[in-house]
>>> print(open('entry_33.tsv').read())   # TSV, C-alpha atoms
chain	number	residue	atom	x	y	z
A	20	LYS	CA	0.00	0.00	0.00
A	21	THR	CA	1.34	3.42	-0.99
A	22	THR	CA	1.41	6.08	1.72
A	23	ASN	CA	1.74	9.86	1.46
A	24	SER	CA	5.25	9.76	2.93
A	25	MET	CA	6.34	7.19	0.32
A	26	VAL	CA	5.35	9.65	-2.41
A	27	ALA	CA	6.38	12.87	-0.61
A	28	VAL	CA	10.03	11.85	-0.17
A	29	PRO	CA	10.79	11.12	-3.86
A	30	VAL	CA	8.74	14.17	-4.93
A	31	PHE	CA	10.79	16.38	-2.57
A	32	PHE	CA	13.96	14.78	-3.97
A	33	GLN	CA	12.75	15.51	-7.52
A	34	HIS	CA	12.16	19.16	-6.59
A	35	ILE	CA	15.76	19.43	-5.38
A	36	ILE	CA	17.03	17.77	-8.55
A	37	GLY	CA	14.89	20.15	-10.65
A	38	ILE	CA	16.35	23.20	-8.88
A	39	ILE	CA	19.93	21.95	-9.36
A	40	SER	CA	19.20	21.14	-13.03
A	41	ALA	CA	17.83	24.66	-13.57
A	42	PHE	CA	20.95	26.25	-12.03
A	43	LEU	CA	23.27	24.08	-14.13
A	44	ALA	CA	21.37	24.91	-17.33
A	45	PHE	CA	21.34	28.62	-16.44
A	46	HIS	CA	25.11	28.57	-15.80
A	47	PHE	CA	25.68	26.89	-19.18
A	48	PHE	CA	23.48	29.26	-21.20
A	49	LYS	CA	24.37	32.56	-19.47
A	50	LYS	CA	27.80	32.56	-21.17
A	51	VAL	CA	25.95	33.41	-24.37
A	52	SER	CA	23.20	35.67	-23.01
A	53	LEU	CA	22.09	36.27	-19.44
A	54	TRP	CA	18.50	37.20	-20.25
A	55	LEU	CA	18.15	34.40	-22.81
A	56	ALA	CA	19.41	31.89	-20.23
A	57	PHE	CA	16.79	33.15	-17.78
A	58	VAL	CA	13.98	32.85	-20.35
A	59	VAL	CA	15.03	29.34	-21.42
A	60	VAL	CA	15.27	28.07	-17.85
A	61	ALA	CA	11.93	29.68	-16.96
A	62	ILE	CA	10.19	28.05	-19.94
A	63	SER	CA	11.84	24.64	-19.46
A	64	PHE	CA	11.47	24.25	-15.71
A	65	SER	CA	8.14	26.02	-15.24
A	66	SER	CA	6.35	24.19	-18.03
A	67	PRO	CA	3.29	22.03	-17.29
A	68	ILE	CA	5.28	18.91	-18.20
A	69	SER	CA	8.04	19.86	-15.74
A	70	ILE	CA	5.56	20.58	-12.93
A	71	TRP	CA	3.65	17.36	-13.58
A	72	LEU	CA	6.81	15.21	-13.72
A	73	GLU	CA	8.19	16.70	-10.50
A	74	HIS	CA	4.95	15.76	-8.74
A	75	THR	CA	4.92	12.26	-10.23
A	76	VAL	CA	7.26	9.45	-9.20
A	77	LEU	CA	8.91	8.84	-12.56
A	78	ARG	CA	12.50	8.71	-13.82
A	79	GLU	CA	12.28	11.81	-16.03
A	80	ALA	CA	13.58	14.27	-13.42
A	81	LEU	CA	16.69	12.12	-12.95
A	82	VAL	CA	17.13	11.66	-16.70
A	83	SER	CA	16.95	15.42	-17.29
A	84	PHE	CA	19.40	15.99	-14.43
A	85	PHE	CA	22.00	13.58	-15.82
A	86	VAL	CA	21.56	14.84	-19.42
A	87	ILE	CA	22.33	18.39	-18.28
A	88	ILE	CA	25.29	17.19	-16.19
A	89	LEU	CA	26.64	15.19	-19.16
A	90	VAL	CA	26.45	18.09	-21.62
A	91	VAL	CA	27.75	20.70	-19.17
A	92	TYR	CA	30.57	18.44	-17.97
A	93	SER	CA	31.56	17.38	-21.53
A	94	PHE	CA	31.37	20.90	-22.96
A	95	PRO	CA	34.93	22.00	-21.94
A	96	ALA	CA	36.26	19.20	-24.15
A	97	ALA	CA	35.04	21.23	-27.14
A	98	LYS	CA	36.77	24.41	-25.94
A	99	GLU	CA	40.38	23.68	-24.98
A	100	ASP	CA	42.80	20.77	-25.42
A	101	LYS	CA	43.78	20.86	-21.75
A	102	ASN	CA	40.29	19.51	-20.94
A	103	LEU	CA	40.74	16.48	-23.17
A	104	LYS	CA	41.94	14.09	-20.48
A	105	PHE	CA	41.29	10.35	-20.45
A	106	SER	CA	39.86	10.63	-16.92
A	107	SER	CA	37.44	13.39	-18.03
A	108	GLY	CA	36.24	11.26	-20.92
A	109	LEU	CA	35.88	8.26	-18.61
A	110	LEU	CA	33.73	10.21	-16.13
A	111	ALA	CA	31.58	11.54	-18.99
A	112	GLY	CA	31.20	7.95	-20.21
A	113	ILE	CA	30.11	6.80	-16.75
A	114	ILE	CA	27.46	9.56	-16.67
A	115	GLY	CA	26.36	8.48	-20.15
A	116	SER	CA	26.18	4.84	-19.02
A	117	ILE	CA	23.93	5.83	-16.12
A	118	LEU	CA	21.67	7.60	-18.63
A	119	PHE	CA	21.67	4.49	-20.83
A	120	PHE	CA	20.23	2.44	-17.96
A	121	PHE	CA	17.62	5.11	-17.21
A	122	ARG	CA	16.59	5.65	-20.83
A	123	ILE	CA	17.84	3.27	-23.51
A	124	GLU	CA	16.16	5.59	-26.05
A	125	LEU	CA	19.05	8.04	-25.52
A	126	ILE	CA	21.66	5.58	-26.83
A	127	ILE	CA	22.00	7.22	-30.28
A	128	LEU	CA	22.52	10.64	-28.71
A	129	LEU	CA	25.02	9.22	-26.19
A	130	LEU	CA	27.02	7.56	-28.96
A	131	SER	CA	26.86	10.74	-31.08
A	132	LEU	CA	28.06	13.10	-28.33
A	133	PRO	CA	31.84	12.78	-29.09
A	134	LEU	CA	31.14	13.59	-32.75
A	135	ILE	CA	29.08	16.65	-31.75
A	136	LEU	CA	31.89	17.85	-29.47
A	137	PHE	CA	34.44	17.20	-32.23
A	138	LEU	CA	32.44	19.28	-34.71
A	139	ALA	CA	32.06	22.06	-32.14
A	140	LYS	CA	35.81	22.01	-31.48
A	141	ASN	CA	36.83	21.85	-35.13
A	142	ARG	CA	34.32	23.67	-37.29
A	143	LYS	CA	36.59	23.05	-40.28
A	144	ILE	CA	37.47	19.36	-40.51
A	145	THR	CA	40.97	18.45	-41.72
A	146	VAL	CA	42.85	15.18	-41.77
A	147	SER	CA	45.28	16.35	-39.10
A	148	LYS	CA	42.46	17.27	-36.74
A	149	ILE	CA	40.70	13.94	-37.25
A	150	LYS	CA	43.93	12.25	-36.15
A	151	ASP	CA	44.17	14.44	-33.05
A	152	ARG	CA	45.49	11.99	-30.43
A	153	VAL	CA	44.47	14.19	-27.52
A	154	PHE	CA	40.82	14.13	-28.56
A	155	LEU	CA	40.98	10.41	-29.34
A	156	ARG	CA	42.24	9.83	-25.79
A	157	TRP	CA	39.12	11.57	-24.42
A	158	VAL	CA	36.92	9.55	-26.80
A	159	LEU	CA	38.52	6.27	-25.64
A	160	GLY	CA	37.79	7.16	-22.03
A	161	TYR	CA	34.21	8.08	-22.94
A	162	PHE	CA	33.43	4.84	-24.77
A	163	LEU	CA	35.19	2.53	-22.29
A	164	PRO	CA	32.14	2.20	-19.93
A	165	PHE	CA	29.87	1.47	-22.91
A	166	ILE	CA	32.28	-1.21	-24.19
A	167	LEU	CA	32.38	-2.82	-20.74
A	168	ILE	CA	28.58	-2.82	-20.53
A	169	PHE	CA	28.39	-4.43	-23.98
A	170	LEU	CA	30.90	-7.15	-23.04
A	171	ILE	CA	29.23	-7.90	-19.71
A	172	TYR	CA	25.80	-8.06	-21.36
A	173	ASN	CA	27.03	-10.55	-23.95
A	174	PHE	CA	28.51	-12.82	-21.29
A	175	LEU	CA	25.37	-12.81	-19.14
A	176	PRO	CA	22.89	-15.68	-19.67
A	177	LYS	CA	20.08	-14.64	-21.96
A	178	LYS	CA	16.53	-14.66	-20.63
A	179	PRO	CA	13.50	-15.17	-22.90
A	180	ALA	CA	11.92	-11.89	-23.99
A	181	VAL	CA	8.76	-10.84	-22.22
A	182	VAL	CA	5.89	-9.79	-24.47
A	183	GLY	CA	5.01	-6.19	-23.79
A	184	THR	CA	5.40	-2.72	-25.19
A	185	TYR	CA	9.14	-3.09	-25.85
A	186	GLY	CA	11.46	-5.92	-26.62
A	187	SER	CA	12.92	-5.97	-30.13
A	188	ALA	CA	15.08	-3.96	-32.45
A	189	VAL	CA	12.28	-1.83	-33.88
A	190	SER	CA	8.94	-3.00	-32.46
A	191	ILE	CA	9.11	0.03	-30.15
A	192	ALA	CA	9.13	2.16	-33.32
A	193	TYR	CA	5.53	1.11	-34.03
A	194	HIS	CA	4.52	3.83	-31.57
A	195	SER	CA	5.76	6.49	-34.02
A	196	LEU	CA	3.65	5.30	-36.96
A	197	GLN	CA	0.45	6.69	-38.36
A	198	PRO	CA	-2.33	4.05	-38.78
A	199	ASP	CA	-2.45	4.36	-42.59
A	200	VAL	CA	1.05	2.85	-42.99
A	201	PHE	CA	-0.49	-0.58	-42.32
A	202	TYR	CA	-2.67	-0.40	-45.43
A	203	TYR	CA	-0.69	-1.58	-48.47
A	204	ASN	CA	-0.60	-4.43	-50.97
A	205	ASN	CA	1.91	-7.18	-51.82
A	206	SER	CA	2.80	-8.00	-48.23
A	207	LYS	CA	4.65	-11.26	-47.53
A	208	TYR	CA	2.38	-11.60	-44.49
A	209	PRO	CA	-1.10	-10.55	-45.72
A	210	GLU	CA	-3.02	-12.42	-43.01
A	211	LEU	CA	-0.95	-10.78	-40.26
A	212	LEU	CA	-1.33	-7.35	-41.84
A	213	GLU	CA	-5.08	-7.92	-41.98
A	214	GLY	CA	-4.96	-8.76	-38.25
A	215	TYR	CA	-3.19	-5.44	-37.56
A	216	GLN	CA	-5.83	-3.58	-39.58
A	217	LYS	CA	-8.58	-5.34	-37.62
A	218	ALA	CA	-6.89	-4.30	-34.33
A	219	LEU	CA	-6.74	-0.68	-35.52
A	220	ARG	CA	-10.44	-0.66	-36.45
A	221	LYS	CA	-11.29	-2.16	-33.07
A	222	ASN	CA	-9.41	0.71	-31.31
A	223	ASP	CA	-10.68	3.55	-33.55
A	224	ASN	CA	-7.30	3.81	-35.33
A	225	ARG	CA	-5.50	4.63	-32.06
A	226	LEU	CA	-2.12	2.99	-32.42
A	227	SER	CA	-1.08	3.11	-28.75
A	228	GLN	CA	-4.20	1.21	-27.72
A	229	SER	CA	-3.67	-1.28	-30.56
A	230	MET	CA	-0.12	-2.37	-29.64
A	231	SER	CA	-1.14	-5.17	-27.28
A	232	ASP	CA	-3.47	-6.49	-29.99
A	233	PHE	CA	-0.59	-6.36	-32.49
A	234	TYR	CA	1.48	-8.62	-30.25
A	235	LYS	CA	-1.45	-11.04	-29.82
A	236	GLU	CA	-2.10	-11.11	-33.57
A	237	THR	CA	1.59	-11.81	-34.20
A	238	GLU	CA	1.67	-14.64	-31.65
A	239	ASN	CA	-1.51	-16.18	-33.09
A	240	TYR	CA	-0.07	-15.94	-36.61
A	241	LEU	CA	3.14	-17.73	-35.56
A	242	ALA	CA	1.25	-20.38	-33.57
A	243	LEU	CA	-0.45	-21.48	-36.80
A	244	ARG	CA	2.86	-21.43	-38.73
A	245	PRO	CA	5.59	-23.12	-36.63
A	246	GLU	CA	7.71	-23.52	-39.76
A	247	THR	CA	8.31	-19.74	-39.76
A	248	LYS	CA	10.86	-20.16	-36.93
A	249	LEU	CA	10.67	-16.51	-35.87
A	250	SER	CA	9.85	-14.90	-32.55
A	251	SER	CA	7.02	-12.36	-32.33
A	252	PHE	CA	9.50	-9.53	-32.07
A	253	GLU	CA	11.55	-10.71	-35.06
A	254	LEU	CA	8.42	-10.93	-37.20
A	255	MET	CA	7.30	-7.45	-36.12
A	256	ASP	CA	10.74	-6.18	-37.13
A	257	LYS	CA	10.27	-7.70	-40.58
A	258	ILE	CA	6.85	-6.07	-40.92
A	259	PHE	CA	8.34	-2.70	-39.98
A	260	ILE	CA	11.10	-3.03	-42.60
A	261	GLU	CA	8.48	-4.12	-45.13
A	262	ILE	CA	6.40	-1.02	-44.37
A	263	ILE	CA	9.43	1.19	-45.11
A	264	SER	CA	10.26	-0.65	-48.35
A	265	LYS	CA	6.74	-1.21	-49.75
A	266	ASN	CA	4.85	1.76	-48.34
A	267	THR	CA	7.70	4.25	-48.45
A	268	LEU	CA	5.79	7.44	-49.27
A	269	VAL	CA	3.19	6.87	-46.56
A	270	TYR	CA	5.94	5.98	-44.07
A	271	PHE	CA	7.87	9.15	-44.96
A	272	LYS	CA	4.68	11.17	-44.45
A	273	SER	CA	4.21	9.46	-41.07
A	274	PHE	CA	7.84	10.23	-40.12
A	275	THR	CA	7.48	13.88	-41.17
A	276	ILE	CA	4.29	14.33	-39.13
A	277	ASN	CA	6.01	12.75	-36.16
A	278	LEU	CA	9.07	14.98	-36.60
A	279	LYS	CA	6.88	18.09	-36.72
A	280	ASN	CA	4.96	17.06	-33.60
A	281	HIS	CA	8.12	16.31	-31.63
A	282	LEU	CA	9.69	19.60	-32.67
A	283	ALA	CA	6.57	21.56	-31.78
A	284	GLY	CA	6.35	19.75	-28.44
A	285	VAL	CA	2.59	20.28	-28.02
A	286	ALA	CA	1.41	16.65	-28.13
A	287	GLU	CA	2.80	16.02	-24.62
A	288	VAL	CA	0.87	19.00	-23.25
A	289	HIS	CA	-2.34	17.95	-25.05
A	290	SER	CA	-1.90	14.50	-23.51
A	291	LEU	CA	-1.47	16.12	-20.10
A	292	VAL	CA	-4.68	18.14	-20.52
A	293	SER	CA	-6.63	14.99	-21.40
A	294	LYS	CA	-5.29	13.30	-18.26
A	295	TYR	CA	-6.39	16.21	-16.09
A	296	LYS	CA	-9.92	15.92	-17.41
A	297	THR	CA	-10.12	12.35	-16.13
A	298	VAL	CA	-8.22	12.79	-12.82
A	299	SER	CA	-9.49	14.64	-9.75
A	300	GLY	CA	-8.35	15.20	-6.20
A	301	ILE	CA	-4.74	16.13	-6.98
A	302	TYR	CA	-3.87	19.46	-5.44
A	303	PHE	CA	-1.88	20.93	-8.33
A	304	ILE	CA	-4.53	20.22	-10.96
A	305	ASP	CA	-6.67	23.32	-10.95
A	306	LYS	CA	-7.90	26.01	-13.34
A	307	PRO	CA	-4.70	28.15	-13.29
A	308	PHE	CA	-2.65	25.08	-14.09
A	309	LEU	CA	-4.89	24.18	-17.02
A	310	ILE	CA	-4.56	27.78	-18.25
A	311	LEU	CA	-0.77	27.35	-18.09
A	312	ASN	CA	-1.15	24.23	-20.26
A	313	TYR	CA	-3.03	26.12	-22.96
A	314	LEU	CA	-0.60	29.06	-22.82
A	315	THR	CA	2.26	26.58	-23.26
A	316	ILE	CA	0.54	25.10	-26.31
A	317	TYR	CA	0.16	28.54	-27.93
A	318	LEU	CA	3.75	29.50	-27.08
A	319	SER	CA	5.07	26.21	-28.47
A	320	TRP	CA	3.28	26.73	-31.78
A	321	ILE	CA	4.58	30.31	-32.04
A	322	LEU	CA	8.14	29.16	-31.39
A	323	PHE	CA	7.74	26.31	-33.88
A	324	LEU	CA	6.45	28.60	-36.65
A	325	LEU	CA	9.22	31.14	-36.05
A	326	PHE	CA	11.88	28.44	-35.79
A	327	LEU	CA	11.16	26.90	-39.20
A	328	PRO	CA	12.42	29.93	-41.21
A	329	ALA	CA	15.26	30.38	-38.67
A	330	ILE	CA	16.74	26.89	-39.21
A	331	PRO	CA	18.76	27.89	-42.34
A	332	PHE	CA	20.67	30.41	-40.21
A	333	PHE	CA	22.28	27.52	-38.34
A	334	PHE	CA	23.79	26.21	-41.59
A	335	ILE	CA	24.70	29.72	-42.78
A	336	LYS	CA	26.39	30.81	-39.54
A	337	TRP	CA	27.42	27.47	-38.05
A	338	ARG	CA	31.13	28.34	-38.05
A	339	THR	CA	30.62	31.50	-36.02
A	340	LEU	CA	27.84	30.41	-33.68
A	341	PRO	CA	28.69	30.22	-29.95
A	342	SER	CA	29.70	26.67	-29.05
A	343	GLU	CA	26.83	26.48	-26.56
A	344	VAL	CA	24.32	27.17	-29.34
A	345	PHE	CA	26.06	24.83	-31.79
A	346	ILE	CA	26.09	21.92	-29.33
A	347	SER	CA	22.52	22.61	-28.12
A	348	PHE	CA	21.22	22.58	-31.70
A	349	LEU	CA	22.94	19.31	-32.65
A	350	VAL	CA	22.08	17.58	-29.37
A	351	GLY	CA	18.44	18.59	-29.80
A	352	ALA	CA	18.40	17.70	-33.51
A	353	VAL	CA	19.81	14.19	-32.96
A	354	HIS	CA	17.32	13.52	-30.18
A	355	ILE	CA	14.31	14.86	-32.14
A	356	PHE	CA	15.18	12.79	-35.22
A	357	VAL	CA	15.56	9.63	-33.14
A	358	LEU	CA	12.23	10.33	-31.41
A	359	ALA	CA	10.57	10.85	-34.80
A	360	PHE	CA	11.70	7.34	-35.71
A	361	PHE	CA	10.40	5.43	-32.70
A	362	SER	CA	8.36	7.51	-30.27
A	363	ASN	CA	4.79	8.72	-29.94
A	364	PRO	CA	4.95	12.55	-29.59
A	365	ALA	CA	2.45	12.35	-26.71
A	366	HIS	CA	5.04	10.49	-24.64
A	367	ARG	CA	7.50	12.42	-22.48
A	368	PHE	CA	10.77	11.41	-24.16
A	369	ARG	CA	11.58	14.96	-25.34
A	370	TYR	CA	11.49	16.48	-21.83
A	371	SER	CA	15.10	15.73	-20.86
A	372	LEU	CA	16.44	17.77	-23.82
A	373	ASP	CA	13.93	20.65	-23.58
A	374	PRO	CA	16.40	23.26	-22.20
A	375	PHE	CA	18.82	22.70	-25.10
A	376	ILE	CA	16.04	22.61	-27.70
A	377	TYR	CA	14.48	25.85	-26.43
A	378	PHE	CA	17.88	27.55	-26.19
A	379	ALA	CA	18.83	26.72	-29.79
A	380	GLN	CA	15.34	27.67	-31.00
A	381	LEU	CA	15.24	31.04	-29.26
A	382	TYR	CA	18.79	32.00	-30.23
A	383	LEU	CA	18.24	31.24	-33.93
A	384	ILE	CA	14.83	32.94	-33.88
A	385	ILE	CA	16.48	36.10	-32.52
A	386	VAL	CA	19.15	35.94	-35.25
A	387	PHE	CA	16.42	35.45	-37.86
A	388	LEU	CA	14.27	38.36	-36.59
A	389	LYS	CA	17.28	40.70	-36.33
A	390	THR	CA	18.31	39.84	-39.89
A	391	LEU	CA	14.74	40.29	-41.14
A	392	ILE	CA	14.37	43.66	-39.43
A	393	TYR	CA	17.74	44.81	-40.78
A	394	LYS	CA	16.82	43.76	-44.35
A	395	ILE	CA	13.44	45.50	-44.15
A	396	SER	CA	14.95	48.71	-42.75
A	397	SER	CA	17.73	48.68	-45.37
A	398	TYR	CA	15.18	48.22	-48.15
A	399	SER	CA	13.05	51.07	-46.76
A	400	MET	CA	16.03	53.42	-46.59
A	401	LYS	CA	16.98	52.66	-50.20
A	402	ARG	CA	13.49	53.58	-51.31
>>> encode(input="entry_33.tsv", output="C-alpha cells")
Amino acid sequence: KTTNSMVAVPVFFQHIIGIISAFLAFHFFKKVSLWLAFVVVAISFSSPISIWLEHTVLREALVSFFVIILVVYSFPAAKEDKNLKFSSGLLAGIIGSILFFFRIELIILLLSLPLILFLAKNRKITVSKIKDRVFLRWVLGYFLPFILIFLIYNFLPKKPAVVGTYGSAVSIAYHSLQPDVFYYNNSKYPELLEGYQKALRKNDNRLSQSMSDFYKETENYLALRPETKLSSFELMDKIFIEIISKNTLVYFKSFTINLKNHLAGVAEVHSLVSKYKTVSGIYFIDKPFLILNYLTIYLSWILFLLFLPAIPFFFIKWRTLPSEVFISFLVGAVHIFVLAFFSNPAHRFRYSLDPFIYFAQLYLIIVFLKTLIYKISSYSMKR
C-alpha cells in the first residue's frame, strides 16, 4: 500500500534535482546571453510537463538531471585541449552509461556526443584534426564504460523476452507510426497485416491502444505457422522493414508528421490536458494550471512557426555560432530525429532535452528576426 510519505520523499527529492538542473542549465546558457538563459530556464522548468513530472514518481527528473550534467561536464572538451583528459572522458562515459540504464532511447545521442563535441571544437574538418590523439584519448575514455557494458551483457545468460510494449530492435518504433502505414498491398504476411488492420479498427485507429493487440495477432499468426521459426519480435521487425520498403511514401509522411509534432512539443501537453480531465483530487490540478497548459501550447506553436524559417541560419552561420548554441542545436536535432523514428509525440521522451532545444530555438529565432528587421529597414532606406 502506498502512503503519502512514500510519495512525498521522492517528490521532494525531484524538486531538489529540478532546482539543481535549472541552475546548471542557467550557468551553461548565461555565457551566451544572461536574459536568454533566464527565459530558457523559466520556460523549461516552469512548463506544465516539468511541474507534472516533478509531482509524479517517474524517472524523467533524474534523466533530465544527468543529461544536463553530461552536456555541461563534456562541454569544456570542445573548448580547450587541456580539458581532453582520459579521466574526463571516462567520467563523462560513466554519466552516459547511467543515462543508458535510465533511458535506452538516448543511446544514439550518447554515442553521437563525441562527434558533436568534435564538430564544435573543429568547425573546419581536416585530416590532421581527425587524427588528433588528444581528442581520441578523451573519446577512448568516454566509450570505455559502454564497451564494458556491452561485453558484460554478452557474457550474461540470456533470458527469454517478455511480451510487452518493448522488446525488439524496432517494435518500439511502431509507436511512431500513423495508422495508414499498415494499409498496403503485396505483403509477404497478408493475413498478419489484416490482423493489424482489424486491431486498428477495433481501437478507432488509435495505435497506442492497438499495440497489445498487435502482439497477440503476431503470436496467433506464428502459432499457426511453426515452420516460420521466428519470434514475435523478429516478425514485427520484418513487418516494420516491409512497411518502409513497400509503403515508403506513406511511411515518410508518417515520419514527417512525427518529426513536426516532436519539434513543436505540443502533443505532450495535449496528452497532459486529457489526463487532467479524467483525474481529480490532486492538489496541483486546478484552473490556473490548465490555463498554463493552454498558454504553453500557444507559445510552443509560435516558437515552432518562427523556428522553421530560422533553421537555415544555423547552416549559414554554423562556423561562427557560440559553441553552446552549436552543441545545443545538434544535441536537440539528434534527439528529435531519433524520437521521430520510434516515439509517440504524446510520450514524455523529449522532456530531458527541452532546455537545449528551447535555447537553440530562441537563439536562432532572434538571429532570424534581427536579420529580417535589418533587411526591411535597409530596403526602406533605399526607397
>>> residues_near_point(input="entry_33.tsv", point="(24.6, 16.8, -15.9)", cutoff="12 Å", atoms="all atoms listed in the file", output="PyMOL selection string")
chain A and resi 36-37+39-44+46-47+80-94+110-115+117-118+371-372
>>> atom_distance(input="entry_33.tsv", atom1="atom CA of A:Phe332", atom2="atom CA of A:Phe154")
28.4 Å
>>> atom_distance(input="entry_33.tsv", atom1="atom CA of A:Ile321", atom2="atom CA of A:Lys279")
13.3 Å
>>> closest_residue(input="entry_33.tsv", among="A:Ile316, A:Val285, A:Ala192, A:Ile385", to="A:Pro328", atoms="all atoms listed in the file")
A:Ile385
>>> residues_near_point(input="entry_33.tsv", point="(6.4, -3.5, -48.8)", cutoff="8 Å", atoms="only C-alpha atoms", output="mmCIF file with C-alpha atoms, in the frame of the given file")
data_model
loop_
_atom_site.group_PDB
_atom_site.id
_atom_site.type_symbol
_atom_site.label_atom_id
_atom_site.label_comp_id
_atom_site.auth_asym_id
_atom_site.auth_seq_id
_atom_site.Cartn_x
_atom_site.Cartn_y
_atom_site.Cartn_z
ATOM 1 C CA TYR A 203 -0.690 -1.580 -48.470
ATOM 2 C CA ASN A 204 -0.600 -4.430 -50.970
ATOM 3 C CA ASN A 205 1.910 -7.180 -51.820
ATOM 4 C CA SER A 206 2.800 -8.000 -48.230
ATOM 5 C CA ILE A 260 11.100 -3.030 -42.600
ATOM 6 C CA GLU A 261 8.480 -4.120 -45.130
ATOM 7 C CA ILE A 262 6.400 -1.020 -44.370
ATOM 8 C CA ILE A 263 9.430 1.190 -45.110
ATOM 9 C CA SER A 264 10.260 -0.650 -48.350
ATOM 10 C CA LYS A 265 6.740 -1.210 -49.750
ATOM 11 C CA ASN A 266 4.850 1.760 -48.340
ATOM 12 C CA THR A 267 7.700 4.250 -48.450
#
>>> atom_distance(input="entry_33.tsv", atom1="atom CA of A:Pro331", atom2="atom CA of A:Val344")
14.2 Å
>>> axis_aligned_box(input="entry_33.tsv", around="stretch 28-40 of chain A", padding_each_side="4 Å", output="AutoDock Vina command-line options")
--center_x 14.3 --center_y 17.2 --center_z -6.6 --size_x 19.2 --size_y 20.1 --size_z 20.9
>>> closest_residue(input="entry_33.tsv", among="A:Ile35, A:Phe387, A:Ser116, A:Asp232", to="A:Phe326", atoms="only C-alpha atoms")
A:Phe387
>>> closest_residue(input="entry_33.tsv", among="A:Ile395, A:Ala365, A:Val59, A:Ile310", to="A:Ser227", atoms="all atoms listed in the file")
A:Ala365
>>> residues_around(input="entry_33.tsv", residues="A:Val30", least_positions_apart="2", cutoff="9 Å", atoms="all atoms listed in the file", output="JSON, numbers by chain")
{"A": [26, 27, 28, 32, 33, 34, 35, 73, 74, 75, 76]}
>>> write_last_selection(input="entry_33.tsv", atoms="C-alpha atoms", output="tab-separated table (two decimals), in the frame of the given file")
chain	number	residue	atom	x	y	z
A	26	VAL	CA	5.35	9.65	-2.41
A	27	ALA	CA	6.38	12.87	-0.61
A	28	VAL	CA	10.03	11.85	-0.17
A	32	PHE	CA	13.96	14.78	-3.97
A	33	GLN	CA	12.75	15.51	-7.52
A	34	HIS	CA	12.16	19.16	-6.59
A	35	ILE	CA	15.76	19.43	-5.38
A	73	GLU	CA	8.19	16.70	-10.50
A	74	HIS	CA	4.95	15.76	-8.74
A	75	THR	CA	4.92	12.26	-10.23
A	76	VAL	CA	7.26	9.45	-9.20
>>> closest_residue(input="entry_33.tsv", among="A:Leu383, A:Leu324, A:Leu318, A:Leu291", to="A:Pro67", atoms="all atoms listed in the file")
A:Leu291
>>> closest_residue(input="entry_33.tsv", among="A:Tyr382, A:Tyr313, A:Phe233, A:Tyr370", to="A:Leu340", atoms="all atoms listed in the file")
A:Tyr382
>>> closest_residue(input="entry_33.tsv", among="A:Arg156, A:Arg78, A:Met230, A:Val58", to="A:Gln380", atoms="all atoms listed in the file")
A:Val58
